[in-house]
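Shown next: start.txt, containing compact mmCIF, C-alpha atoms and all ligand atoms.
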```txt
# COMPACT_ATOMS: atom_id res chain seq x y z
CA MET A 190 104.19 122.79 82.33
CA THR A 191 104.53 119.76 84.57
CA LEU A 192 104.31 119.01 88.29
CA LEU A 193 106.56 116.52 90.04
CA VAL A 194 104.67 114.95 92.94
CA THR A 195 106.43 112.67 95.41
CA GLY A 196 104.53 110.11 97.50
CA GLY A 197 101.61 110.35 95.10
CA ALA A 198 100.53 106.72 95.57
CA GLY A 199 99.73 107.20 99.27
CA PHE A 200 96.54 108.41 100.91
CA ILE A 201 96.83 112.20 100.50
CA GLY A 202 99.23 112.27 97.54
CA SER A 203 96.97 110.07 95.43
CA CYS A 204 94.00 112.32 96.23
CA PHE A 205 96.07 115.32 95.16
CA VAL A 206 97.02 113.65 91.86
CA ARG A 207 93.45 112.50 91.12
CA ASP A 208 92.00 115.93 91.93
CA TRP A 209 94.73 117.77 90.03
CA LEU A 210 94.13 115.82 86.83
CA ALA A 211 90.37 116.17 87.23
CA GLN A 212 90.77 119.96 87.16
CA SER A 213 93.79 120.63 84.97
CA ASP A 214 95.54 119.30 81.89
CA GLU A 215 98.95 119.95 83.39
CA PRO A 216 100.76 116.58 83.52
CA VAL A 217 101.95 115.01 86.76
CA VAL A 218 105.10 112.95 87.20
CA ASN A 219 104.48 110.85 90.29
CA LEU A 220 107.56 109.51 92.11
CA ASP A 221 106.71 106.98 94.80
CA LYS A 222 108.72 104.21 96.42
CA LEU A 223 105.61 102.06 96.90
CA THR A 224 106.23 101.21 100.53
CA TYR A 225 103.49 99.28 102.35
CA ALA A 226 101.50 102.58 102.30
CA GLY A 227 101.87 103.25 98.58
CA ASN A 228 99.32 101.58 96.35
CA LEU A 229 98.87 101.88 92.59
CA ALA A 230 95.24 100.83 93.06
CA ASN A 231 94.74 104.36 94.45
CA LEU A 232 95.57 105.63 90.96
CA ALA A 233 93.77 102.94 88.95
CA GLY A 234 91.50 105.53 87.33
CA LEU A 235 94.57 107.14 85.74
CA ALA A 236 96.07 103.95 84.31
CA ALA A 237 95.28 104.96 80.73
CA ASP A 238 95.82 108.69 81.24
CA ALA A 239 98.91 109.97 79.39
CA ARG A 240 99.00 113.04 81.67
CA HIS A 241 100.05 110.81 84.58
CA VAL A 242 103.58 109.37 84.53
CA PHE A 243 104.27 107.01 87.42
CA VAL A 244 107.87 106.29 88.45
CA GLN A 245 108.68 103.86 91.24
CA GLY A 246 111.64 105.20 93.20
CA ASP A 247 113.03 106.81 96.32
CA ILE A 248 113.25 110.54 97.09
CA GLY A 249 116.60 109.61 98.66
CA ASP A 250 118.05 108.60 95.26
CA PRO A 251 119.99 111.62 93.92
CA THR A 252 120.66 110.12 90.47
CA LEU A 253 117.02 109.28 89.91
CA LEU A 254 115.92 112.73 91.08
CA ALA A 255 118.42 114.56 88.87
CA GLY A 256 117.33 112.50 85.87
CA LEU A 257 113.61 113.08 86.46
CA LEU A 258 114.02 116.81 86.99
CA SER A 259 116.17 117.22 83.90
CA GLN A 260 113.90 115.06 81.74
CA HIS A 261 110.52 116.52 82.77
CA GLN A 262 111.52 120.11 83.67
CA PRO A 263 108.72 120.53 86.26
CA ARG A 264 107.57 124.03 87.18
CA ALA A 265 106.93 122.81 90.75
CA VAL A 266 107.63 119.89 93.08
CA VAL A 267 105.07 118.87 95.73
CA ASN A 268 106.59 116.62 98.40
CA PHE A 269 104.17 114.20 100.08
CA ALA A 270 106.66 111.32 100.39
CA ALA A 271 107.10 110.30 104.02
CA GLU A 272 106.70 107.60 106.58
CA SER A 273 103.51 108.82 108.20
CA HIS A 274 102.33 106.52 111.01
CA VAL A 275 103.12 107.54 114.61
CA ASP A 276 102.74 104.03 116.07
CA ARG A 277 105.18 102.56 113.55
CA SER A 278 107.68 105.30 114.40
CA ILE A 279 107.49 104.17 118.04
CA HIS A 280 108.25 100.56 117.10
CA GLY A 281 111.20 101.64 114.95
CA ALA A 282 112.28 104.99 113.55
CA ASP A 283 114.90 103.96 110.94
CA ASP A 284 112.65 104.37 107.91
CA PHE A 285 111.38 107.68 109.29
CA ILE A 286 114.92 109.06 109.58
CA GLN A 287 115.82 107.76 106.12
CA THR A 288 112.83 109.11 104.22
CA ASN A 289 111.61 112.07 106.26
CA VAL A 290 115.03 113.51 107.09
CA VAL A 291 117.66 112.14 104.70
CA GLY A 292 115.17 111.81 101.84
CA THR A 293 114.00 115.41 102.24
CA PHE A 294 117.64 116.55 102.30
CA ARG A 295 118.37 114.66 99.06
CA LEU A 296 115.27 116.10 97.45
CA LEU A 297 116.24 119.64 98.50
CA GLU A 298 119.71 119.21 97.06
CA ALA A 299 118.45 117.79 93.75
CA VAL A 300 115.82 120.53 93.45
CA ARG A 301 118.39 123.21 94.31
CA ALA A 302 120.68 122.01 91.52
CA TYR A 303 117.78 121.89 89.06
CA TRP A 304 116.41 125.31 90.09
CA GLY A 305 119.94 126.72 89.75
CA SER A 306 119.96 125.58 86.13
CA LEU A 307 116.70 127.39 85.29
CA GLN A 308 116.56 130.86 83.83
CA GLY A 309 114.11 133.70 83.42
CA ASP A 310 110.45 132.99 84.11
CA ALA A 311 111.07 129.29 84.72
CA ARG A 312 113.45 130.15 87.56
CA GLN A 313 111.29 132.94 88.93
CA HIS A 314 108.07 130.94 89.05
CA PHE A 315 109.51 127.61 90.25
CA ARG A 316 108.18 126.31 93.62
CA LEU A 317 108.94 123.45 96.01
CA LEU A 318 105.95 122.78 98.27
CA HIS A 319 106.70 120.62 101.31
CA VAL A 320 103.70 118.91 102.91
CA SER A 321 104.00 118.67 106.68
CA THR A 322 101.93 118.14 109.79
CA ASP A 323 100.56 119.93 112.85
CA GLU A 324 102.31 117.33 115.03
CA VAL A 325 105.53 119.37 114.80
CA TYR A 326 103.98 121.84 117.29
CA GLY A 327 103.60 119.23 120.04
CA SER A 328 100.59 118.86 122.31
CA LEU A 329 98.01 121.38 123.57
CA SER A 330 96.15 121.46 126.88
CA ALA A 331 92.37 121.89 126.79
CA SER A 332 92.66 125.66 127.40
CA ASP A 333 95.55 126.43 124.99
CA ALA A 334 94.97 128.45 121.84
CA ALA A 335 95.12 126.49 118.58
CA PHE A 336 98.48 126.13 116.78
CA ALA A 337 99.45 129.24 114.82
CA GLU A 338 102.33 129.33 112.33
CA THR A 339 104.35 131.19 114.97
CA ASN A 340 104.12 128.42 117.58
CA ARG A 341 107.37 126.84 118.75
CA TYR A 342 108.25 123.45 117.32
CA GLU A 343 107.93 120.86 120.13
CA PRO A 344 107.64 117.46 118.39
CA ASN A 345 106.97 114.56 120.75
CA SER A 346 106.93 111.35 118.68
CA PRO A 347 109.75 110.02 116.52
CA TYR A 348 107.48 110.65 113.50
CA ALA A 349 106.85 114.27 114.53
CA ALA A 350 110.56 114.83 115.21
CA THR A 351 111.48 113.66 111.71
CA LYS A 352 108.80 115.87 110.14
CA ALA A 353 110.03 118.81 112.23
CA ALA A 354 113.58 118.12 111.03
CA SER A 355 112.38 118.07 107.42
CA ASP A 356 110.57 121.41 107.91
CA HIS A 357 113.75 122.93 109.33
CA LEU A 358 115.78 121.71 106.37
CA VAL A 359 113.26 123.21 103.95
CA ARG A 360 113.38 126.51 105.86
CA ALA A 361 117.18 126.53 105.85
CA TRP A 362 117.40 125.83 102.11
CA HIS A 363 115.22 128.87 101.57
CA HIS A 364 117.11 131.19 103.91
CA THR A 365 120.59 130.03 102.94
CA HIS A 366 120.24 129.10 99.30
CA GLY A 367 117.18 131.14 98.31
CA LEU A 368 115.28 128.03 97.22
CA PRO A 369 111.66 129.08 96.52
CA VAL A 370 109.84 126.92 99.06
CA LEU A 371 106.41 126.76 100.68
CA THR A 372 105.53 124.59 103.69
CA THR A 373 102.08 123.46 104.80
CA ASN A 374 101.27 122.03 108.25
CA CYS A 375 97.96 120.21 108.23
CA SER A 376 95.82 118.53 110.88
CA ASN A 377 94.48 114.95 110.78
CA ASN A 378 93.05 113.92 107.42
CA TYR A 379 90.37 111.32 106.72
CA GLY A 380 88.63 110.10 103.58
CA PRO A 381 88.74 107.43 100.87
CA TYR A 382 91.90 105.33 100.29
CA HIS A 383 93.09 105.94 103.87
CA PHE A 384 95.30 103.03 104.91
CA PRO A 385 93.52 101.09 107.68
CA GLU A 386 96.31 101.44 110.23
CA LYS A 387 95.01 104.94 111.09
CA LEU A 388 92.11 105.48 113.51
CA ILE A 389 89.13 106.15 111.20
CA PRO A 390 89.70 103.49 108.51
CA LEU A 391 90.89 100.99 111.15
CA VAL A 392 87.66 101.41 113.12
CA ILE A 393 85.49 101.02 110.00
CA HIS A 394 87.43 97.92 108.94
CA HIS A 395 87.39 96.33 112.40
CA ALA A 396 83.72 97.14 112.95
CA LEU A 397 82.67 95.39 109.73
CA ALA A 398 84.97 92.44 110.48
CA GLY A 399 83.42 91.98 113.96
CA LYS A 400 86.73 92.81 115.67
CA PRO A 401 87.39 95.02 118.73
CA LEU A 402 87.57 98.78 118.11
CA PRO A 403 90.77 99.71 120.01
CA ILE A 404 90.69 103.02 121.89
CA TYR A 405 94.05 104.08 123.30
CA GLY A 406 93.95 105.21 126.95
CA ASP A 407 90.80 107.09 127.92
CA GLY A 408 89.88 108.07 124.34
CA GLN A 409 89.74 111.76 125.27
CA GLN A 410 92.66 112.82 123.08
CA VAL A 411 91.55 115.49 120.65
CA ARG A 412 92.36 115.67 116.95
CA ASP A 413 91.32 118.35 114.44
CA TRP A 414 89.84 116.47 111.46
CA LEU A 415 89.90 117.59 107.83
CA TYR A 416 88.53 115.81 104.77
CA VAL A 417 91.40 114.82 102.49
CA GLY A 418 89.97 116.63 99.44
CA ASP A 419 89.99 119.85 101.47
CA HIS A 420 93.65 119.35 102.36
CA CYS A 421 94.40 118.97 98.65
CA SER A 422 92.45 122.12 97.72
CA ALA A 423 94.45 124.00 100.36
CA ILE A 424 97.73 122.73 98.89
CA ARG A 425 96.62 123.91 95.44
CA ALA A 426 95.83 127.33 96.92
CA VAL A 427 99.24 127.59 98.61
CA LEU A 428 101.02 126.44 95.45
CA ALA A 429 99.18 129.06 93.41
CA GLY A 430 99.37 132.02 95.77
CA GLY A 431 101.49 131.27 98.85
CA ARG A 432 104.25 133.69 99.73
CA LEU A 433 107.77 132.31 99.29
CA GLY A 434 109.39 130.91 102.41
CA GLU A 435 106.12 131.06 104.36
CA THR A 436 104.38 128.26 106.22
CA TYR A 437 100.61 127.80 106.14
CA ASN A 438 98.61 125.88 108.74
CA ILE A 439 95.70 123.91 107.28
CA GLY A 440 92.71 122.73 109.30
CA GLY A 441 88.94 122.76 109.43
CA TRP A 442 88.24 124.08 112.97
CA ASN A 443 86.93 120.67 113.75
CA GLU A 444 88.20 119.29 117.06
CA LYS A 445 86.82 115.95 118.25
CA ALA A 446 87.80 113.54 121.01
CA ASN A 447 88.72 110.09 119.68
CA LEU A 448 85.91 108.36 121.55
CA GLU A 449 83.38 110.76 120.03
CA VAL A 450 84.75 110.05 116.54
CA VAL A 451 84.44 106.31 117.09
CA HIS A 452 80.87 106.61 118.41
CA THR A 453 79.95 108.73 115.38
CA LEU A 454 81.42 106.09 113.06
CA CYS A 455 79.44 103.38 114.87
CA ARG A 456 76.20 105.37 114.47
CA LEU A 457 76.85 105.85 110.74
CA LEU A 458 77.60 102.15 110.29
CA ASP A 459 74.53 101.18 112.35
CA ALA A 460 72.41 103.20 109.91
CA MET A 461 74.15 102.25 106.65
CA GLN A 462 74.97 98.58 107.30
CA PRO A 463 73.34 97.35 110.53
CA ARG A 464 74.87 94.36 112.32
CA SER A 465 72.95 91.15 111.68
CA ASP A 466 72.28 90.69 115.43
CA GLY A 467 70.69 94.16 115.66
CA GLN A 468 73.27 95.39 118.19
CA SER A 469 75.28 98.59 117.73
CA TYR A 470 78.87 98.45 116.47
CA ALA A 471 79.63 100.51 119.60
CA THR A 472 79.49 97.26 121.63
CA GLN A 473 82.82 96.39 119.95
CA ILE A 474 84.61 99.40 121.52
CA THR A 475 87.55 98.21 123.64
CA PHE A 476 89.93 100.34 125.69
CA VAL A 477 93.57 99.31 125.19
CA THR A 478 96.97 100.42 126.50
CA ASP A 479 97.73 104.02 125.63
CA ARG A 480 100.24 105.08 122.94
CA PRO A 481 103.57 106.00 124.62
CA GLY A 482 103.98 109.79 124.70
CA HIS A 483 100.47 110.20 123.30
CA ASP A 484 99.82 113.87 122.42
CA ARG A 485 96.66 115.04 124.18
CA ARG A 486 95.29 117.64 121.80
CA TYR A 487 95.96 119.12 118.36
CA ALA A 488 94.08 122.11 116.97
CA ILE A 489 94.86 124.30 113.98
CA ASP A 490 94.39 128.04 113.74
CA ALA A 491 93.70 128.31 110.00
CA ARG A 492 93.22 132.08 109.83
CA LYS A 493 96.38 132.76 107.79
CA ILE A 494 95.43 130.56 104.83
CA GLU A 495 91.81 131.73 105.05
CA GLN A 496 92.70 135.43 105.09
CA GLU A 497 95.65 135.42 102.67
CA LEU A 498 94.44 132.87 100.16
CA GLY A 499 90.69 132.74 100.69
CA TRP A 500 90.77 128.98 101.27
CA ARG A 501 87.88 127.27 103.11
CA PRO A 502 87.08 123.57 103.50
CA ALA A 503 84.13 122.34 101.40
CA GLU A 504 83.14 119.47 103.73
CA THR A 505 81.89 119.53 107.30
CA PHE A 506 82.87 116.62 109.54
CA GLU A 507 79.34 115.23 109.15
CA THR A 508 79.31 115.31 105.32
CA GLY A 509 82.93 114.17 105.02
CA LEU A 510 82.57 111.28 107.44
CA ALA A 511 79.34 110.04 105.84
CA LYS A 512 81.06 110.08 102.40
CA THR A 513 84.02 108.24 103.87
CA VAL A 514 81.97 105.46 105.47
CA ARG A 515 80.00 105.08 102.23
CA TRP A 516 83.27 104.76 100.28
CA TYR A 517 84.57 102.00 102.57
CA LEU A 518 81.28 100.11 102.29
CA ASP A 519 81.41 100.39 98.50
CA ASN A 520 85.11 99.49 98.23
CA ALA A 521 85.45 96.37 100.35
CA GLN A 522 87.80 94.86 97.76
CA TRP A 523 90.31 97.72 98.17
CA VAL A 524 90.30 97.15 101.92
CA GLN A 525 90.66 93.41 101.48
CA ASP A 526 93.62 93.88 99.13
CA VAL A 527 95.52 96.20 101.49
CA THR A 528 94.80 94.24 104.65
CA SER A 529 96.55 91.07 103.63
CA GLY A 530 100.15 90.07 104.26
CA ALA A 531 102.29 92.72 105.91
CA TYR A 532 99.24 94.55 107.25
CA ARG A 533 98.19 91.51 109.25
CA ASP A 534 101.69 91.25 110.75
CA TRP A 535 101.43 94.90 111.84
CA VAL A 536 98.04 94.48 113.52
CA GLY A 537 99.30 91.41 115.35
CA GLN A 538 102.39 93.30 116.57
CA GLN A 539 100.57 96.47 117.60
CA TYR A 540 97.38 95.09 119.15
CA GLY A 541 98.67 91.69 120.27
CA ASN A 542 95.74 89.80 118.81
CA PRO A 543 95.98 87.52 115.80
CA PRO A 544 93.98 89.28 113.05
P1 LIG A 601 100.93 107.68 103.43
O1 LIG A 601 101.77 106.91 104.40
O2 LIG A 601 99.56 107.22 103.10
O3 LIG A 601 101.70 107.83 102.03
C1 LIG A 601 103.07 108.11 101.94
C2 LIG A 601 103.51 107.80 100.53
O4 LIG A 601 104.90 108.11 100.41
C3 LIG A 601 103.34 106.33 100.13
O5 LIG A 601 102.79 106.22 98.85
C4 LIG A 601 104.78 105.80 100.15
O6 LIG A 601 104.98 104.72 99.24
C5 LIG A 601 105.55 107.03 99.74
N1 LIG A 601 106.95 107.00 100.20
C6 LIG A 601 107.40 106.66 101.43
N2 LIG A 601 108.75 106.74 101.47
C7 LIG A 601 109.14 107.17 100.24
C8 LIG A 601 110.40 107.47 99.66
N3 LIG A 601 111.55 107.32 100.36
N4 LIG A 601 110.45 107.89 98.38
C9 LIG A 601 109.31 108.02 97.65
N5 LIG A 601 108.09 107.73 98.14
C10 LIG A 601 108.01 107.32 99.43
O7 LIG A 601 100.92 109.18 104.00
P2 LIG A 601 99.79 110.29 103.88
O8 LIG A 601 98.87 110.15 105.03
O9 LIG A 601 99.28 110.30 102.50
O10 LIG A 601 100.69 111.59 104.15
C11 LIG A 601 101.32 112.29 103.07
C12 LIG A 601 102.09 113.46 103.64
O11 LIG A 601 101.21 114.31 104.36
C13 LIG A 601 103.18 113.04 104.64
O12 LIG A 601 104.28 113.88 104.44
C14 LIG A 601 102.56 113.30 106.00
O13 LIG A 601 103.54 113.61 106.95
C15 LIG A 601 101.68 114.49 105.70
N6 LIG A 601 100.49 114.66 106.52
C16 LIG A 601 99.61 113.63 106.73
C17 LIG A 601 98.45 113.83 107.47
C18 LIG A 601 97.45 112.73 107.70
O14 LIG A 601 96.51 112.91 108.49
N7 LIG A 601 97.57 111.57 107.07
C19 LIG A 601 98.19 115.09 108.01
C20 LIG A 601 99.12 116.13 107.80
C21 LIG A 601 100.25 115.89 107.04
O1 LIG A 602 97.90 115.46 112.97
C1 LIG A 602 98.33 115.05 111.70
C2 LIG A 602 98.80 113.62 111.78
O2 LIG A 602 97.63 112.82 111.91
C3 LIG A 602 99.62 113.19 110.58
O3 LIG A 602 100.81 113.94 110.54
C4 LIG A 602 99.95 111.69 110.66
O4 LIG A 602 100.63 111.29 109.49
C5 LIG A 602 98.65 110.93 110.78
O5 LIG A 602 98.92 109.54 110.93
C6 LIG A 602 97.84 111.43 111.97
O6 LIG A 602 98.50 111.11 113.22
P1 LIG A 602 97.67 110.58 114.49
O7 LIG A 602 98.59 109.84 115.38
O8 LIG A 602 96.87 111.68 115.10
O9 LIG A 602 96.63 109.61 113.73
P2 LIG A 602 96.10 108.13 114.07
O10 LIG A 602 94.98 107.86 113.10
O11 LIG A 602 97.20 107.13 114.18
O12 LIG A 602 95.46 108.33 115.50
C7 LIG A 602 94.43 109.29 115.71
C8 LIG A 602 94.10 109.26 117.21
O13 LIG A 602 93.46 108.03 117.51
C9 LIG A 602 95.32 109.34 118.10
O14 LIG A 602 94.99 110.10 119.26
C10 LIG A 602 95.58 107.89 118.48
C11 LIG A 602 94.19 107.28 118.50
N1 LIG A 602 94.12 105.84 118.12
C12 LIG A 602 94.72 105.46 116.96
C13 LIG A 602 94.66 104.13 116.57
C14 LIG A 602 95.35 103.67 115.30
C15 LIG A 602 93.40 104.97 118.91
O15 LIG A 602 92.84 105.34 119.96
N2 LIG A 602 93.35 103.66 118.52
C16 LIG A 602 93.97 103.19 117.39
O16 LIG A 602 93.90 101.97 117.11
```
Could you express the structure from this file as structure tokens?
Ligand code: NAD
Ligand code: DAU
Amino acid sequence: MTLLVTGGAGFIGSCFVRDWLAQSDEPVVNLDKLTYAGNLANLAGLAADARHVFVQGDIGDPTLLAGLLSQHQPRAVVNFAAESHVDRSIHGADDFIQTNVVGTFRLLEAVRAYWGSLQGDARQHFRLLHVSTDEVYGSLSASDAAFAETNRYEPNSPYAATKAASDHLVRAWHHTHGLPVLTTNCSNNYGPYHFPEKLIPLVIHHALAGKPLPIYGDGQQVRDWLYVGDHCSAIRAVLAGGRLGETYNIGGWNEKANLEVVHTLCRLLDAMQPRSDGQSYATQITFVTDRPGHDRRYAIDARKIEQELGWRPAETFETGLAKTVRWYLDNAQWVQDVTSGAYRDWVGQQYGNPP
């Protein structure tokens, strides 16, 4: 028995691979292109582990996919591979179309051919789990009910549109070709190994570096935060017991406005690593130009996965965020390694200030 994981060197995929191999002896083949967001340092603890086979490559490469599937005969494929950053998709969507849309199509076709070659139990039990996002549902007003699986798709950013397209392809390959798929739509994740282009790790990194903490617009946009390990436990639950062709929303009932998140981070940092001048990190908060098309509010109704599969998050926002800040303080070298080179070019382009 083997799993094929794609995008397993990124933030969430690497957590999934680490947690999987901590709990199971089932080997993982990890296919990752190693874009700017992919990092083998996230998997350093598995370097000598024969159960982890890393392959650098693209989900859009049909020959590579066919070869890997035929060689390793996985009983499931879990697809994390994607371009994932909304702001980058606004600056240029080419890579998002290529990986999130065309790449997902190529993966579906390769998996369909492989699944078609299986027989008996192997064919019956095979699964393709596609990892997606709550952003496909668009934006909520303050009084709207949280996103349920039955909500209309109304993606607003180029990133969300490409994820929505990938979800539709996955759905169609199930309905038309019978491919045994599962789709998960999760809210905002946070935790260790989160690339510091995203709000929480960016704020921690900038705070410690004495840089401005950029808040887009009025900072009152709401996100529904989930600790990354809880996202991965939910994916394991869906893989084990999800109903074929179904989608499962994943979230922790944990809505926070961005400004509140940043103030909480500043308080944690003030307590764990006070500034040498005795001032709060909150003095570094700076309001900057809003993100174009910025979605106002996301919120996940997680009742389906809770009721059908008995899944619950293990962390509260308070415990998860404290663990996360501690991890960044203890892993300054990881941050330093990923914030050189191309990362500095991105920060300069996005925030207009030389890093
Ligand atoms: P990430 O950007 O940290 O990692 C993406 C990984 O995919 C990287 O390792 C990258 O090298 C790899 N990759 C990119 N293009 C590839 C390609 N063509 N072929 C193979 N590998 C490729 O992203 P993440 O935050 O870990 O997100 C993982 C998945 O979860 C994505 O599909 C994303 O849409 C989804 N998701 C993310 C969040 C979140 O809050 N981060 C929430 C819900 C869903
Ligand atoms: O909802 C799930 C999605 O969450 C995932 O599908 C995406 O892959 C993931 O990147 C994330 O998208 P967001 O756009 O919500 O995350 P980000 O961390 O970029 O931003 C979180 C909020 O913080 C958002 O309202 C924008 C705001 N923000 C972000 C940055 C980087 C700021 O105010 N300042 C910043 O510098």
- Query: Which polymer residues have any atom within 8 Å of an atom of segment 469-486 of chain A, counting all atoms listed in the file, with same-chain residues fewer than 5 positions away left out, as a PyMOL selection string?
  - Reply: chain A and resi 276+279+327-331+345-346+396+399-412+451-452+455-456+458-459+463-464
- Query: Counting all atoms listed in the file, what residues are within 6 Å of ligand LIG 602 (chain A), given as number ranges by chain?
  - Reply: A: 273-275, 322-324, 376-377, 386-388, 403-405, 408, 410, 447
- Task: Mind checking which residues fall within 10 Å of Gly509 of chain A, counting only C-alpha atoms, ignoring those fewer than 6 positions away in the same chain, and posting them as a PyMOL selection string?
- Result: chain A and resi 379-381+414-419+503+515
- Counting only C-alpha atoms and all ligand atoms, the option among A:Asn219, A:Asn443, A:Asn378, A:Gln539 closest to ligand LIG 601 (chain A):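 Of A:Asn219, A:Asn443, A:Asn378, A:Gln539, the one nearest ligand LIG 601 (chain A) is A:Asn378, counting only C-alpha atoms and all ligand atoms.
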- Kindly provide, as a ChimeraX atom specification, all nucleotide and amino acid residues lying within 7 Å of ligand LIG 601 (chain A), counting only C-alpha atoms and all ligand atoms. /A:195-202,220-228,246-249,269-274,288,292,320-323,352,374-379,383-384
- Can you pull out every residue within 7 Å of segment 423-431 of chain A, counting only C-alpha atoms, but drop anything in the same chain fewer than 3 positions away, and send it as a ChimeraX atom specification? /A:318,371,419-420,498,500
- Message: Report, in Å with one decimal, the straight-line distance from atom CA of Glu507 of chain A to atom CA of Tyr540 of chain A.
- Response: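 Spanning atom CA of Glu507 of chain A to atom CA of Tyr540 of chain A is a straight-line distance of 28.8 Å.
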- Please, what distance in Å, to one decimal, runs between atom CA of Asn289 of chain A and atom CA of Thr351 of chain A?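 Answer for the atom CA of Asn289 of chain A to atom CA of Thr351 of chain A separation: 5.7 Å.
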- Message: Let me make sure I understand: among A:Asp333, A:Glu215, A:Pro344, A:Trp516, which one has the smallest atom-to-atom distance to Ala239 of chain A if we use all atoms listed in the file?
- Response: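 When distances to Ala239 of chain A are compared using all atoms listed in the file, the smallest one comes from A:Glu215.
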- Message: Restricting the calculation to all atoms listed in the file: of A:Pro369, A:Gly440, A:Gly234, A:Pro347, which residue gets closest to Ser278 of chain A?
- Response: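 Looking at the shortest contact to Ser278 of chain A, the residue is A:Pro347.
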- Distance query 7 Å from (103.0, 129.8, 103.3) using only C-alpha atoms, result as a ChimeraX atom specification: /A:371-373,427,431-437
- What is the atom CA of Cys204 of chain A to atom CA of Val266 of chain A distance in Å?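 Taking atom CA of Cys204 of chain A as the start and atom CA of Val266 of chain A as the end point, the length is 15.9 Å.
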- Item | Given all atoms listed in the file as the counted atoms, nearest of A:Ala398, A:Ala460, A:Ala233, A:Val290 to Val359 of chain A |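 Among A:Ala398, A:Ala460, A:Ala233, A:Val290, it is A:Val290 that comes nearest to Val359 of chain A.
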- For Ile489 of chain A, work out the shell of residues within 7 Å, counting only C-alpha atoms and skipping chain neighbours fewer than 5 positions away, then give it as a list in words.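 Counting only the stated atoms, we get Ala335, Phe336, Ala337, Ser376, Asp413, Asn438, Ile439, Gly440 and Trp442 of chain A.
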- Task: List the neighbours of Tyr517 of chain A out to 10 Å using all atoms listed in the file; skip same-chain residues closer than 5 positions along the sequence, and give me the result as a list in words.
- Result: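 Result of the neighbour search: Gly380, Pro381, Tyr382, His383, Pro390, Ile393, His394, Leu397, Lys512, Gln522, Trp523 and Val524 of chain A.
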